[in-house]
Every structure is written in structure tokens, then in C-alpha cells.
Amino acid sequence: MVFQKFIDILTMFSYSQIRCKDVQPEEPGPADFERAIVTSGYGKFNYLLLLAVLPASFSSIFSSSAISYVLPSAECDLGLTMIRKGLLNSMTFAGMISSSFFWVFMTDTYGRRKIMFYGYMFTGILSLATCFSHTSWILILFKFLDGVIISGPYAALMSYLAELHNETQRSRTYMWLGVFFSLGNISLPCIAWLIIPQKWNVNILSRTVEISSWRVFLAICSLPEFLACIAIFAFPESPRFLLLKGRREEALEVFKKIYSVNTGNDPDTYPIKDLQDEYSVKTTNENFKDKVRSCLQQVKPLFLPPNVYKLFAISLIQLGATLGSNSIRLWMPQLFSMMEHFKNNYHTIEYSSTQPRFCYMLGQDQTNSFPTSSVNGTLNLAHDCIPAELNARVFINSIVIATTGVIGYTLAGTLITVVGKKKLIGTCFMVAAACCGSLYWAASSNSILGLCSVFVAMSSIGGACVVNIIVDNFPTCFRTMAVSLTMMVGRFGAVLGNTLFPVLFKLSCLGPFVMIGCASLVSAFLVILLPRKKSQTDKSKDVA
């Protein structure tokens, strides 16, 4: 039962081979999208698409998370205070928030493939540029712009995958995408472990120049974006987008190409000769103001009772989940680095007989190793800053946290049908709150790692399952907008959590953990208060 998800993924291959051979016979009249994509089969084209999606999914993870492994090493080079580290952790999410609705418009206007191609290309250029940052504010600006741009190809990728698969294979494809995201979370600390502890020296004109390892790491993290750009270039535009624009002939050519690659037959033998234009949107002469007014009229019911109350509650749940999971996850490399620094420099001298608690270790290391003094507003790095020496333990801990998340998602996929959505989500947030509160009393490294791993896994699962709550509480016509709004609020939670974390940490080590634990408790309470799933009778009344 635990590995049922992975079994489902593996059975997809055998199922798809039967699917490709069992092509539906031609039916009279134009075909709709679903019949056209089913007739094109499932096979080599879809496998190649999954291969192309792998670097694209890695780029999303690397864009938002790579900076967390850089913070300890770049502290002296860029004069990073705890506040600036919080800004760096949150800037990618802030950029995503600022451009979310803009990219929805651009994707629906210019197409999924074009947005992905240029989006990943410019994101790769920005990611590569970050390694040349010589001040913290330039790096902060680059990370914000990185978030602004990566939001576009990420949103386009979600639509692109849905529009190149039939209804049966769509959920299996997103299952693969979840596996790729998990692999990205695991591979990132592995790459950091290989690169960041190294010393890089280059001989230029008889002079030895030291290259900071964190700069090399950021440069390597830009590679998935360039690979995704190249891979997407080989694929056609979404046929559903072409139908939306009334370009039926081009859409038919795409279906023929998919059919030919999957079956090995000539494209002209594709059984369907014409497509319905039911998805096309007629162009009008409305100006921009009229289009905005029309859009607002369509989403207005979402902000009226009773929908607005449910939207508000679900948004707060998503905010609490993302605030907790992204704050702890992105600050863990820094906190583990502080712990290891304390053990190496203080614990062996003063506390050989007792094991200090988590917050004590962080408090002692903060007062002794961070660049806090200044002269005329400038950090006195030469005397106060000691470069962090990251040992293997820091990276191993991050790998364990990422692996625990994969196991947690696998268990959740099995349990959600047994215990129910609301009970599972509520339990996840309650367990997360308990783990966060227990960190204050944790003493051993293994107990701290265990609590952090369980917390990140539980809060991430709770946030991911919120989409199922939206499906149960909103009519079909409002679900897409509800998902977009709650995701935007969730990203705001990531910005808020990472920004407040160093502020509260400076006041008291307990402060940020109290904030995160309370956010998890509020999310659990709101899940319990949400209405039950509507019956078919209730749904028919809503439609009427």
C-alpha cells in the first residue's frame, strides 16, 4: 500500500503500449479535442516529453531553493546579515506573486511553448548572472527578477502537460511531475555537497585567483533552465491552445505529429481529418478596459457569500502551510550550519558533560559568529566575520529532510482515500505544530533532524492537499481562479515567513518557531471548520 503510487507509475508504461495499438476508428464529422488526443495515442512522444520536463521541474526547485545553501558560505563575501538572508530566501516568491496574473494573460495570448522557451532562457541567464553579484542587494534584485520570470514558464508547463495528454493519462503525468520535483529537492543538497566545500583556484597571468565555491554552485544551478529551454524547443505548440485561437489546421498538424511519433505510421494516416472549433474564442473589438471589466464580472461570484468565506478560510490554510514549510526548509541549511559551528568551537570546551538545547546552540553561535558590528553603517567584516566551514552533516541533514518528504507524499497518497481529506490535512497540521513546538526542548542532532523532517513533510502534504479541498468547495467554473488565488496567498506566506524569521530570531530563538507552530494550529482549526463535501443533490442545486 505504501508504494502504490510508484506501482501506478510503472504500470503506466504497459497500459500505454496497449493504448497506442488500440487506436479508435475514424468517426464521421469533426472530432473534439479529447477524441483527437486519444486517437493520437500514448507512447514515444509522451516519454520524450517527460524527459524534457525533468530539467524544467528541476529549474523550478533550484530557482527557489538553491540560495538557501549559499547563505552560510556567502556571508562574508556579501556582508549578509540575518535580515538580508531572510530577504534572499523570500525574493523568489515575492517575484512570483508580482507577476502571477501577468503570466496568465501572456500564456493565454502568446502560447505555452513560446512562454516556456523564452522564460527558461531568460531565467537561466538571470540565474547565471547571480553568481557575479558583488553586493547583497544586487543578489537580492537578481533573485526577485528570477522569481518574476520563472513564474511564467512554470504556469505554462502545467497547462502544456494537461493539454498534451488525454483525461486518463493526465493524472499519471502529474504524478510523474511530483516525482521529478522530489528528485529535484533531493539532488539540490547533493550538488551543494559536491561543490560548496571545495576550494577553487585559477591561475591568471601568474596570479592565483580564488573563486568562491558558492558562485560556482549558482552557475551550475542555472544549467537545468538552459536544458529545459533547449528541450522545449523540440516540441510543438499545445494543440488545445491552437484550437482556442481558432487555428484548427495547425492543431491538426500537431495531432498528426504526435500520432506519427507514437505509432511510427505516416502522419497522413491519422484517422481524424477535421477538428471541432468549439474551443475557439472569437476576437472582439473591445478595448483593454472592457476586457478587464468582463473578467471581473466573471470572477465576481467568487467574492460573494458563501464563496468568499470559504475562499478566505482556504487561503489562510494555504498561507499557514507555505509559511511553515518554506520557512523551515529554506532556513535549515543555515541553522544546521550554526549548530555545527557551535559544536566545533564552543561545545567541546565548555559543555563536555551536558548536551545543550537547540535554541541555546543557535543563540550562542549567533552572538559569536555573525557580522553585527559596523562603522559608519558599514559592516566590519575583516574583524567580525568568520567564513562558515560547511561539513558533510549539513548537507546530509538536508537530503534526509527531502527524502522524508517523498516518503510522506507516498503515504499520504494511500491514506487520503482511507481516512478522508479533511482528517488527513488536519492531522498533518497538528503533527507539524507539535514537531515545531518540540524543537525548543530538542538537544541531540538526531532528534532535531527528525523533528524538522517530520514538520516539513507534514506541512508540505497539508498544503498540497488543499487543492482537493478547493475541488470539494467550489463549482467547476471557479476552481481555476480559486486555485490561482490560494497559491498566490501561499507564496505570500513564504515571503512573510522568511522575512519575519530573522526578525523574530533576533529577539528570541523561540519567536520564529512559535510563529510557525501557531500558523500550523490555525490551519488545522480552519480545516475542521470547513463545510463537508457536497452531495450530488447539493451540487445540482448549485448548477441550477
# chains A, B, ... in the order shown; residues from 1 in each chain; ligands from 1
>>> residues_around(residues="range 180-190 of chain A", least_positions_apart="4", cutoff="10 Å", atoms="only C-alpha atoms", output="number ranges by chain")
A: 50, 53-62, 65-66, 68-69, 174-176, 194-196, 217, 221, 333, 394-407, 409
>>> select_by_dssp(residues="range 166-277 of chain A", states="strand (DSSP E or B)", output="PyMOL selection string")
chain A and resi 200-204+207-211+275
>>> write_last_selection(atoms="N, CA, C and O atoms", output="tab-separated table (two decimals), in the first residue's frame")
chain	number	residue	atom	x	y	z
A	200	TRP	N	38.34	26.61	-4.97
A	200	TRP	CA	38.55	26.77	-6.41
A	200	TRP	C	39.58	27.88	-6.64
A	200	TRP	O	39.34	29.04	-6.31
A	201	ASN	N	40.70	27.53	-7.25
A	201	ASN	CA	41.76	28.49	-7.56
A	201	ASN	C	42.09	28.45	-9.04
A	201	ASN	O	42.20	27.36	-9.64
A	202	VAL	N	42.22	29.63	-9.64
A	202	VAL	CA	42.52	29.73	-11.07
A	202	VAL	C	43.76	30.60	-11.24
A	202	VAL	O	43.87	31.68	-10.63
A	203	ASN	N	44.71	30.15	-12.07
A	203	ASN	CA	45.92	30.92	-12.35
A	203	ASN	C	45.68	31.84	-13.55
A	203	ASN	O	45.42	31.37	-14.66
A	204	ILE	N	45.76	33.16	-13.31
A	204	ILE	CA	45.59	34.16	-14.36
A	204	ILE	C	46.79	35.09	-14.34
A	204	ILE	O	47.01	35.82	-13.36
A	207	ARG	N	49.09	34.88	-11.48
A	207	ARG	CA	48.45	35.20	-10.19
A	207	ARG	C	47.38	34.17	-9.91
A	207	ARG	O	46.63	33.76	-10.79
A	208	THR	N	47.32	33.77	-8.66
A	208	THR	CA	46.30	32.80	-8.24
A	208	THR	C	45.07	33.54	-7.74
A	208	THR	O	45.14	34.32	-6.79
A	209	VAL	N	43.95	33.30	-8.41
A	209	VAL	CA	42.69	33.95	-8.06
A	209	VAL	C	41.76	32.90	-7.46
A	209	VAL	O	41.53	31.84	-8.06
A	210	GLU	N	41.27	33.18	-6.27
A	210	GLU	CA	40.34	32.25	-5.61
A	210	GLU	C	38.91	32.56	-6.04
A	210	GLU	O	38.44	33.70	-5.97
A	211	ILE	N	38.22	31.53	-6.51
A	211	ILE	CA	36.82	31.66	-6.91
A	211	ILE	C	35.95	31.06	-5.81
A	211	ILE	O	36.14	29.90	-5.43
A	275	LEU	N	-11.28	19.00	-37.13
A	275	LEU	CA	-11.47	19.23	-35.70
A	275	LEU	C	-12.60	20.21	-35.46
A	275	LEU	O	-12.83	21.12	-36.28
>>> select_by_dssp(residues="range 33-212 of chain A", states="alpha helix (DSSP H)", output="count of residues only")
146
>>> closest_residue(among="A:Ile516, A:Ala192, A:Val104, A:Ile230", to="Ala432 in chain A", atoms="only C-alpha atoms")
A:Ile516
>>> residues_around(residues="Ile83 in chain A", least_positions_apart="3", cutoff="9 Å", atoms="only C-alpha atoms", output="ChimeraX atom specification")
/A:80,86-88,499-503
>>> closest_residue(among="A:Pro512, A:Pro356, A:Pro301, A:Gly497", to="Asn89 in chain A", atoms="only C-alpha atoms")
A:Gly497
>>> atom_distance(atom1="CA of Phe226 in chain A", atom2="CA of Ser325 in chain A")
28.2 Å
>>> atom_distance(atom1="CA of Gly517 in chain A", atom2="CA of Phe358 in chain A")
16.0 Å
>>> closest_residue(among="A:Asn46, A:Pro531, A:Ile67, A:Met82", to="Leu507 in chain A", atoms="only C-alpha atoms")
A:Met82
>>> atom_distance(atom1="CA of Gly124 in chain A", atom2="CA of Glu225 in chain A")
5.0 Å
>>> closest_residue(among="A:Ala524, A:Leu51, A:Cys428, A:Cys359", to="Gly511 in chain A", atoms="only C-alpha atoms")
A:Cys359
>>> residues_around(residues="range 125-131 of chain A", least_positions_apart="3", cutoff="9 Å", atoms="only C-alpha atoms", output="list in words")
Ser63, Tyr120, Met121, Phe122, His134, Ile138, Leu139, Ile140, Phe142, Lys143, Leu145, Asp146, Trp214, Arg215, Val216, Phe217, Leu218, Ala219, Ile220, Cys221, Ser222, Leu223, Glu225 and Phe226 of chain A
